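Asker: The structure that follows is given in the form of structure tokens.
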Amino acid sequence: MKNILYKILPVCLLTIGLTGCEDETKYRPLPEAVPLTMSINEKAFVMGEHLKVDIKVEPDADGNEVVANEDFDIYFTAKAGTEDVANVFEPFSSIVTFPKGEKQIQVDFPVKTSGLVGTTTMEFVAFARGYKMANSSQGIKVSDYYRISMSLENNTENVVTEGGKFVLVAKVDKPSSVPLEVTITPKEGEEGRYDNLPSTLTIPAGRTSVKSAAVTIKQDYEMTGDLQLVLNLKSNSSSNPMTAPALTITMTDLESMADPNLYDMTTVYENPNIMFISYDDDWFTGKETAKMDEGTAHPNAELGSQWKFDYAIEFHKNSTSGDYQKLGNATDANRGNVLKIDWTKYAKVTDEGELNICVGVEGTNYGTAGIHCCKSLGQMWAQNVTRIYPGMRIEMKVRLGGNRTGFVPMIEVKNPATATTCKEAKRSICILKNVSGSAITQSVRGEVVSDAKSVVSAIPKVEDYNIYWVELVDENTIKLGINGSTTLEVTRDMLDSWPFTKASTGTSVGAKGLYLVMRMDLFGEGNSVSSELPAGWDTELKSINPANYATEGPRMIIDWIRFYVNDNYKREANELVNRDYKVSIPGKFYQFY
């Protein structure tokens with residue numbers, strides 16, 4: 001076989017005495033071989049269709065058309081990896097001769113008319129010994145039908161982080177003359193994991209693909225580990241079935257990626273259940289206690305290097321009479337028409353020594369407790385307990401209970417200059433805010449809401465005890481956290497205003513300091529219930545016997561509150577601070593420092 005091609009001259013050379021062109025002068029040999037090119041009619045085929053392969057001799061470097069001056073063989077293969085899959089064609093021509101004198105041939109490869117199942121993806125290759133061939137390898141698919149595939153856009157791994165978004169893409173290799181509809185059904189038990197998941201996707205007639213709007217995998221605020229979520233798929237066309245009956249999405253669990261200290265109270269206290277008592281008081285017997293006096297280092301070695309004990313509030317039932325002004329009833333006229341604040345009715349100390357703030361029904365409205373401490377105005381200094389200034393760390397061991405739909409447990413440190421007692425407002429530090437599920441929002445707000453810096457943290461169960469804390473590290477830095485993890489750090493330069501310096505919290509001796517508010521709020525603004533609440537949101541609450549509000553209704557349970565200070569904490573000598581070793585309220589609260 002010779003590797004020679006000849007040039008076609010467009011006209012005959014006329015010379016004196018020459019009257020015509022001889023056949024033997026029509027082709028002239030080329031000085032070098034001109035390459036071949038392979039092209040195919042489609043990239044996808046189904047049973048009964050034909051793959052048509054064109055082999056063409058390309059023009060020479062000068063643009064002149066050329067033809068072969070000899071017969072030569074072309075070899076064809078069809079492989080999926082190393083596997084020979086030529087049997088999807090019938091017949092399959094593995095060797096075809098390119099005839100001398102031709103510049104282009106077409107070879108037909110019929111796909112079997114029956115017997116194929118599913119899709120075979122292959123590399124179709126042509127080879128001619130001694131000749132260069134462009135596009136000699138082509139990727140094609142041969143299927144039983146033009147099946148519809150479902151995938152995630154720009155996500156070949158099908159991995160989506162919890163709380164993240166994805167876009168579904170339905171594709172078919174050949175447009176249909178009628179619309180093709182795919183039904184999308186989440187696996188049983190997984191229906192609530194998505195926002196904006198379409199029930200169907202329709203590929204319009206004449207088109208080969210369609211995209212969904214962005215779909216969100218909801219954040220569940222639980223440590224579930226990575227999950228394999230399944231979307232079941234079904235086509236409405238027997239001629240265009242699905243490539244696969246389901247699409248599996250790997251959901252990467254956010255909580256599993258989080259700092260493990262976020263979930264562990266023992267990273268703050270080796271035994272967080274031990275109560276604190278003062279060094280000179282031994283009345284509480286029968287349970288293990290920790291002797292703490294003002295200036296004692298924090299029991300956690302790392303925290304103890306900076307933070308020294310200042311005061312603690314421990315809740316216990318006790319018949320001893322005492323100063324009932326230690327904790328105040330935090331009312332709010334802004335909520336008065338829909339939320340009645342009454343701590344004598346909705347705040348109880350349990351036999352286990354927990355402060356239970358619950359919710360009930362008050363006629364056509366609702367009732368709950370709002371409690372504050374460390375707030376002092378003028379000579380009303382008994383609720384002062386201690387001054388909340390820069391240089392203080394506040395910890396509280398809290399758990400939530402009941403169906404809290406419509407109610408928002410909240411614990412905030414506020415600036416008394418502008419903060420309404422019960423309303424979330426500017427000049428506040430939100431240590432705990434639970435709107436739904438296990439989500440806890442922590443935030444720092446300056447003069448306006450747009451100043452706010454916030455983070456949403458997830459813990460395994462808000463119904464279990466966790467330690468929520470805030471550090472007013474100094475006059476320029478505030479840190480918030482849960483258990484042993486810092487979730488948010490805000491510095492003065494991050495907000496347009498910074499109302500958390502000692503000077504900004506008040507002008508008179510009696511008014512200085514921030515104050516702490518613990519309460520259940522109503523989901524809504526002012527004297528209204530949020531229109532976002534579902535119909536019948538309070539049906540369960542209204543069915544509860546009022547005697548059981550504290551055990552069956554929405555509630556926030558506080559085991560203790562502890563205050564520590566660092567070297568940045570400055571309390572003037574003339575400030576009125578109630579430093580009694582112990583004060584109790586009959587059947588209500590018991591507290592120590």
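Ordered as shown in the structure tokens, chains take letters A, B, and onward, while each chain numbers its residues from 1 and ligands are numbered from 1 in the order shown.
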Just the strand (DSSP E or B) stuff from segment 50-289 of chain A, please, per backbone DSSP, written as number ranges by chain.
Answerer: A: 50-57, 66-68, 72-80, 83-84, 89, 95-98, 104-111, 119-127, 133-134, 137-143, 148-152, 159-161, 165-166, 168-172, 180-186, 194-195, 200-203, 209-211, 215-217, 227-235, 242, 246-252, 275-277, 289
Asker: Mind writing the picked residues with C-alpha atoms as a compact mmCIF listing (two decimals), in the first residue's frame?
Answerer:
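File written: result.txt
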```
# COMPACT_ATOMS: atom_id res chain seq x y z
CA HIS A 50 -27.95 4.58 12.23
CA LEU A 51 -24.52 5.94 13.05
CA LYS A 52 -23.19 7.42 9.82
CA VAL A 53 -19.44 7.95 9.66
CA ASP A 54 -17.86 10.16 6.98
CA ILE A 55 -14.17 9.82 6.15
CA LYS A 56 -12.93 12.73 4.08
CA VAL A 57 -9.64 13.66 2.43
CA VAL A 66 -6.97 15.95 -3.36
CA VAL A 67 -7.98 12.30 -3.75
CA ALA A 68 -6.36 8.96 -2.93
CA PHE A 72 -6.32 1.73 1.76
CA ASP A 73 -8.06 0.17 4.72
CA ILE A 74 -9.78 1.93 7.64
CA TYR A 75 -10.21 0.04 10.91
CA PHE A 76 -13.15 0.82 13.29
CA THR A 77 -13.50 -0.04 16.98
CA ALA A 78 -16.16 0.68 19.63
CA LYS A 79 -15.06 0.33 23.25
CA ALA A 80 -16.32 1.24 26.72
CA GLU A 83 -14.53 -3.64 26.75
CA ASP A 84 -15.51 -4.20 23.14
CA PHE A 89 -24.42 -2.41 16.12
CA ILE A 95 -12.62 -2.91 8.28
CA VAL A 96 -13.68 -0.72 5.34
CA THR A 97 -11.63 0.05 2.21
CA PHE A 98 -11.26 3.64 1.07
CA GLN A 104 -14.87 11.04 0.73
CA ILE A 105 -16.78 7.91 1.76
CA GLN A 106 -19.62 7.24 4.24
CA VAL A 107 -19.92 4.10 6.33
CA ASP A 108 -23.25 3.06 7.90
CA PHE A 109 -23.40 1.41 11.36
CA PRO A 110 -26.98 0.35 12.15
CA VAL A 111 -27.91 0.15 15.83
CA THR A 119 -27.21 3.16 27.83
CA THR A 120 -23.74 2.28 26.64
CA THR A 121 -21.22 5.10 26.49
CA MET A 122 -18.28 4.40 24.22
CA GLU A 123 -15.35 5.73 22.28
CA PHE A 124 -15.82 5.16 18.55
CA VAL A 125 -12.41 5.12 16.83
CA ALA A 126 -11.24 5.04 13.20
CA PHE A 127 -7.64 4.22 12.21
CA MET A 133 -6.84 11.36 10.77
CA ALA A 134 -8.43 14.31 12.64
CA SER A 137 -11.97 9.26 18.28
CA GLN A 138 -15.54 10.32 19.12
CA GLY A 139 -17.52 9.78 22.31
CA ILE A 140 -21.05 8.55 21.65
CA LYS A 141 -23.96 6.96 23.52
CA VAL A 142 -26.09 4.09 22.32
CA SER A 143 -29.30 3.43 24.26
CA ILE A 148 -34.16 11.53 30.55
CA SER A 149 -31.31 12.15 32.96
CA MET A 150 -31.56 14.21 36.15
CA SER A 151 -28.50 15.88 37.68
CA LEU A 152 -27.37 18.79 39.80
CA VAL A 159 -22.73 16.84 47.40
CA VAL A 160 -24.63 19.72 49.03
CA THR A 161 -23.89 21.23 52.44
CA LYS A 165 -28.74 25.24 47.50
CA PHE A 166 -28.77 23.17 44.31
CA LEU A 168 -31.93 20.33 39.21
CA VAL A 169 -31.29 19.82 35.49
CA ALA A 170 -33.37 17.40 33.40
CA LYS A 171 -31.87 16.47 30.01
CA VAL A 172 -32.74 14.28 27.06
CA LEU A 180 -41.65 15.50 28.67
CA GLU A 181 -42.60 15.69 32.35
CA VAL A 182 -40.57 14.28 35.23
CA THR A 183 -42.22 13.77 38.62
CA ILE A 184 -39.91 14.38 41.61
CA THR A 185 -40.79 12.75 44.94
CA PRO A 186 -38.57 12.85 48.06
CA TYR A 194 -36.30 20.86 51.23
CA ASP A 195 -37.42 24.37 50.48
CA THR A 200 -42.35 18.19 38.48
CA LEU A 201 -39.92 19.43 35.83
CA THR A 202 -41.07 19.64 32.20
CA ILE A 203 -38.76 19.63 29.18
CA SER A 209 -33.15 20.37 28.84
CA VAL A 210 -34.80 22.34 31.61
CA LYS A 211 -33.59 23.72 34.97
CA VAL A 215 -33.69 24.33 45.92
CA THR A 216 -32.51 24.59 49.54
CA ILE A 217 -31.69 21.72 51.85
CA LEU A 227 -27.04 11.93 55.02
CA GLN A 228 -27.89 10.27 51.71
CA LEU A 229 -31.05 12.04 50.57
CA VAL A 230 -33.02 10.42 47.74
CA LEU A 231 -35.28 11.99 45.11
CA ASN A 232 -37.41 9.42 43.29
CA LEU A 233 -37.92 10.22 39.59
CA LYS A 234 -40.54 9.14 37.08
CA SER A 235 -41.10 10.13 33.44
CA MET A 242 -35.51 7.95 33.17
CA ALA A 246 -33.67 8.06 41.66
CA LEU A 247 -31.12 10.79 42.31
CA THR A 248 -29.07 10.51 45.51
CA ILE A 249 -27.72 13.69 47.10
CA THR A 250 -25.11 13.59 49.84
CA MET A 251 -25.97 16.19 52.47
CA THR A 252 -22.89 17.29 54.39
CA MET A 275 -24.01 24.20 92.60
CA PHE A 276 -21.94 27.11 93.90
CA ILE A 277 -22.12 28.20 97.54
CA THR A 289 -21.21 21.72 96.05
```
Asker: Using DSSP on the backbone coordinates, identify all residues within segment 367-530 of chain A classified as helix (DSSP H, G or I); present the result as a PDB file with N, CA and C atoms, in the first residue's frame.
Answerer:
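Saved file selection02.pdb follows:
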```pdb
ATOM      1  N   ALA A 382     -31.557  47.001  95.052  1.00  0.00           N
ATOM      2  CA  ALA A 382     -31.543  45.617  95.496  1.00  0.00           C
ATOM      3  C   ALA A 382     -31.462  44.633  94.331  1.00  0.00           C
ATOM      4  N   GLN A 383     -32.065  44.974  93.181  1.00  0.00           N
ATOM      5  CA  GLN A 383     -32.004  44.093  92.015  1.00  0.00           C
ATOM      6  C   GLN A 383     -30.645  44.131  91.339  1.00  0.00           C
ATOM      7  N   ASN A 384     -29.767  44.911  91.878  1.00  0.00           N
ATOM      8  CA  ASN A 384     -28.476  45.108  91.242  1.00  0.00           C
ATOM      9  C   ASN A 384     -27.671  43.814  91.185  1.00  0.00           C
ATOM     10  N   VAL A 449     -30.686  48.610  64.133  1.00  0.00           N
ATOM     11  CA  VAL A 449     -30.692  47.179  63.848  1.00  0.00           C
ATOM     12  C   VAL A 449     -29.676  46.826  62.771  1.00  0.00           C
ATOM     13  N   SER A 450     -29.454  47.735  61.811  1.00  0.00           N
ATOM     14  CA  SER A 450     -28.493  47.450  60.748  1.00  0.00           C
ATOM     15  C   SER A 450     -27.081  47.290  61.277  1.00  0.00           C
ATOM     16  N   ASP A 451     -26.872  47.754  62.518  1.00  0.00           N
ATOM     17  CA  ASP A 451     -25.559  47.583  63.141  1.00  0.00           C
ATOM     18  C   ASP A 451     -25.310  46.139  63.568  1.00  0.00           C
ATOM     19  N   ARG A 492     -15.448  46.939  68.504  1.00  0.00           N
ATOM     20  CA  ARG A 492     -16.030  48.278  68.382  1.00  0.00           C
ATOM     21  C   ARG A 492     -16.044  48.765  66.929  1.00  0.00           C
ATOM     22  N   ASP A 493     -14.987  48.485  66.180  1.00  0.00           N
ATOM     23  CA  ASP A 493     -14.900  49.001  64.806  1.00  0.00           C
ATOM     24  C   ASP A 493     -15.829  48.275  63.831  1.00  0.00           C
ATOM     25  N   MET A 494     -16.504  47.209  64.288  1.00  0.00           N
ATOM     26  CA  MET A 494     -17.418  46.481  63.418  1.00  0.00           C
ATOM     27  C   MET A 494     -18.826  47.067  63.417  1.00  0.00           C
ATOM     28  N   ALA A 503     -18.946  54.050  80.373  1.00  0.00           N
ATOM     29  CA  ALA A 503     -19.459  55.421  80.357  1.00  0.00           C
ATOM     30  C   ALA A 503     -20.791  55.523  79.635  1.00  0.00           C
ATOM     31  N   SER A 504     -21.050  54.618  78.666  1.00  0.00           N
ATOM     32  CA  SER A 504     -22.264  54.736  77.854  1.00  0.00           C
ATOM     33  C   SER A 504     -23.469  54.085  78.489  1.00  0.00           C
ATOM     34  N   THR A 505     -23.300  53.388  79.618  1.00  0.00           N
ATOM     35  CA  THR A 505     -24.419  52.636  80.177  1.00  0.00           C
ATOM     36  C   THR A 505     -25.249  53.424  81.176  1.00  0.00           C
TER      37      THR A 505
END
```
Asker: Using only C-alpha atoms, which residue out of A:Cys374, A:Leu522, A:Ala44, A:Val117 lies closest to Pro241 of chain A?
Answerer: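 Closest residue, counting only C-alpha atoms: A:Val117.
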Asker: List the neighbours of Ile459 of chain A out to 12 Å using only C-alpha atoms; skip same-chain residues closer than 6 positions along the sequence, and give me the result as number ranges by chain.
Answerer: A: 219-224, 254-265, 399, 434, 437-441, 465-468, 481-485, 487
Asker: Using only C-alpha atoms, find the one residue out of A:Ser199, A:Glu191, A:Tyr279, A:Leu339 that sits nearest to Glu525 of chain A.
Answerer: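 Comparing A:Ser199, A:Glu191, A:Tyr279, A:Leu339 against Glu525 of chain A, the winner is A:Leu339.
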Asker: So which residues touch Ile411 of chain A within 6 Å, counting only C-alpha atoms, skipping near sequence neighbours fewer than 4 positions away, as a PyMOL selection string?
Answerer: chain A and resi 431-432+517-518
Asker: Write the residues of the selection above to a file with all heavy atoms, as a JSON list (two decimals), in the first residue's frame.
Answerer:
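Wrote out-v9.json, looks like this:
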```json
[["chain", "number", "residue", "atom", "x", "y", "z"],
["A", 431, "ILE", "N", -27.85, 36.73, 74.07],
["A", 431, "ILE", "CA", -27.11, 35.51, 74.42],
["A", 431, "ILE", "C", -27.83, 34.28, 73.92],
["A", 431, "ILE", "O", -27.21, 33.29, 73.54],
["A", 431, "ILE", "CB", -26.92, 35.44, 75.95],
["A", 431, "ILE", "CG1", -26.22, 36.70, 76.46],
["A", 431, "ILE", "CG2", -26.13, 34.19, 76.35],
["A", 431, "ILE", "CD1", -26.20, 36.82, 77.97],
["A", 432, "LEU", "N", -29.16, 34.33, 73.92],
["A", 432, "LEU", "CA", -29.97, 33.19, 73.50],
["A", 432, "LEU", "C", -31.26, 33.71, 72.88],
["A", 432, "LEU", "O", -31.96, 34.50, 73.49],
["A", 432, "LEU", "CB", -30.28, 32.28, 74.69],
["A", 432, "LEU", "CG", -31.11, 31.01, 74.46],
["A", 432, "LEU", "CD1", -30.80, 29.99, 75.55],
["A", 432, "LEU", "CD2", -32.61, 31.29, 74.46],
["A", 517, "VAL", "N", -31.97, 40.29, 81.05],
["A", 517, "VAL", "CA", -33.39, 39.99, 80.93],
["A", 517, "VAL", "C", -33.57, 38.56, 80.43],
["A", 517, "VAL", "O", -32.95, 38.16, 79.45],
["A", 517, "VAL", "CB", -34.10, 40.97, 79.97],
["A", 517, "VAL", "CG1", -35.58, 40.61, 79.85],
["A", 517, "VAL", "CG2", -33.94, 42.40, 80.44],
["A", 518, "MET", "N", -34.43, 37.81, 81.13],
["A", 518, "MET", "CA", -34.75, 36.43, 80.75],
["A", 518, "MET", "C", -36.25, 36.35, 80.54],
["A", 518, "MET", "O", -37.02, 36.68, 81.46],
["A", 518, "MET", "CB", -34.32, 35.47, 81.86],
["A", 518, "MET", "CG", -32.84, 35.54, 82.16],
["A", 518, "MET", "SD", -32.44, 35.02, 83.86],
["A", 518, "MET", "CE", -32.88, 36.50, 84.77]]
```
Asker: For atom CA of Thr501 of chain A and atom CA of Trp307 of chain A, determine how far apart the two atoms are, in Å to one decimal place.
Answerer: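 Answer for the atom CA of Thr501 of chain A to atom CA of Trp307 of chain A separation: 18.7 Å.
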Asker: So which one's closest to Asn365 of chain A, A:Asn527, A:Thr296, A:Asn329, A:Ser443? Using only C-alpha atoms, please.
Answerer: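 Among A:Asn527, A:Thr296, A:Asn329, A:Ser443, it is A:Asn527 that comes nearest to Asn365 of chain A.
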Asker: What is the atom CA of Ile341 of chain A-atom CA of Lys542 of chain A distance in Å, reported with one decimal?
Answerer: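 Interatomic distance here is 17.8 Å.
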Asker: Leaving out Phe500 of chain A and any residue of its chain fewer than 4 positions from it, which residues lie within 10 Å of it when counting only C-alpha atoms, given as a VMD selection string?
Answerer: chain A and resid 388 to 390 414 to 415 427 to 429 444 to 446 472 474 to 478 492 504 to 505 513 to 514
Asker: Please identify all polymer residues within 10 Å of segment 531-538 of chain A, counting only C-alpha atoms, omitting same-chain residues fewer than 5 positions from it, and present them as a PDB file with C-alpha atoms, in the first residue's frame.
Answerer:
```pdb
ATOM      1  CA  VAL A 361     -53.379  31.570  77.895  1.00  0.00           C
ATOM      2  CA  TYR A 366     -51.200  35.041  76.364  1.00  0.00           C
ATOM      3  CA  ASN A 403     -43.771  23.117  71.541  1.00  0.00           C
ATOM      4  CA  ARG A 404     -42.452  26.669  71.212  1.00  0.00           C
ATOM      5  CA  THR A 405     -44.273  27.536  67.984  1.00  0.00           C
ATOM      6  CA  GLY A 406     -45.257  31.186  68.287  1.00  0.00           C
ATOM      7  CA  PHE A 407     -43.071  31.853  71.328  1.00  0.00           C
ATOM      8  CA  PHE A 523     -43.555  35.947  67.799  1.00  0.00           C
ATOM      9  CA  GLY A 524     -44.638  39.259  66.325  1.00  0.00           C
ATOM     10  CA  SER A 543     -55.573  22.460  75.133  1.00  0.00           C
TER      11      SER A 543
END
```
Asker: Calculate how many Å separate atom CA of Arg393 of chain A from atom CA of Arg562 of chain A, rounding to one decimal.
Answerer: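 That distance, rounded to one decimal, is 8.2 Å.
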Asker: Taking only C-alpha atoms into account, name the residue in A:Asn568, A:Ser39, A:Ser93, A:Asn273 that is nearest to Met392 of chain A.
Answerer: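 Under the stated criterion, the closest residue is A:Asn568.
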Asker: Can you work out which one of A:Met47, A:Asp559, A:Ser238, A:Tyr311 has the shortest atom-to-atom distance to Val398 of chain A, counting only C-alpha atoms?
Answerer: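 Checking each of A:Met47, A:Asp559, A:Ser238, A:Tyr311 against Val398 of chain A, counting only C-alpha atoms, the winner is A:Asp559.
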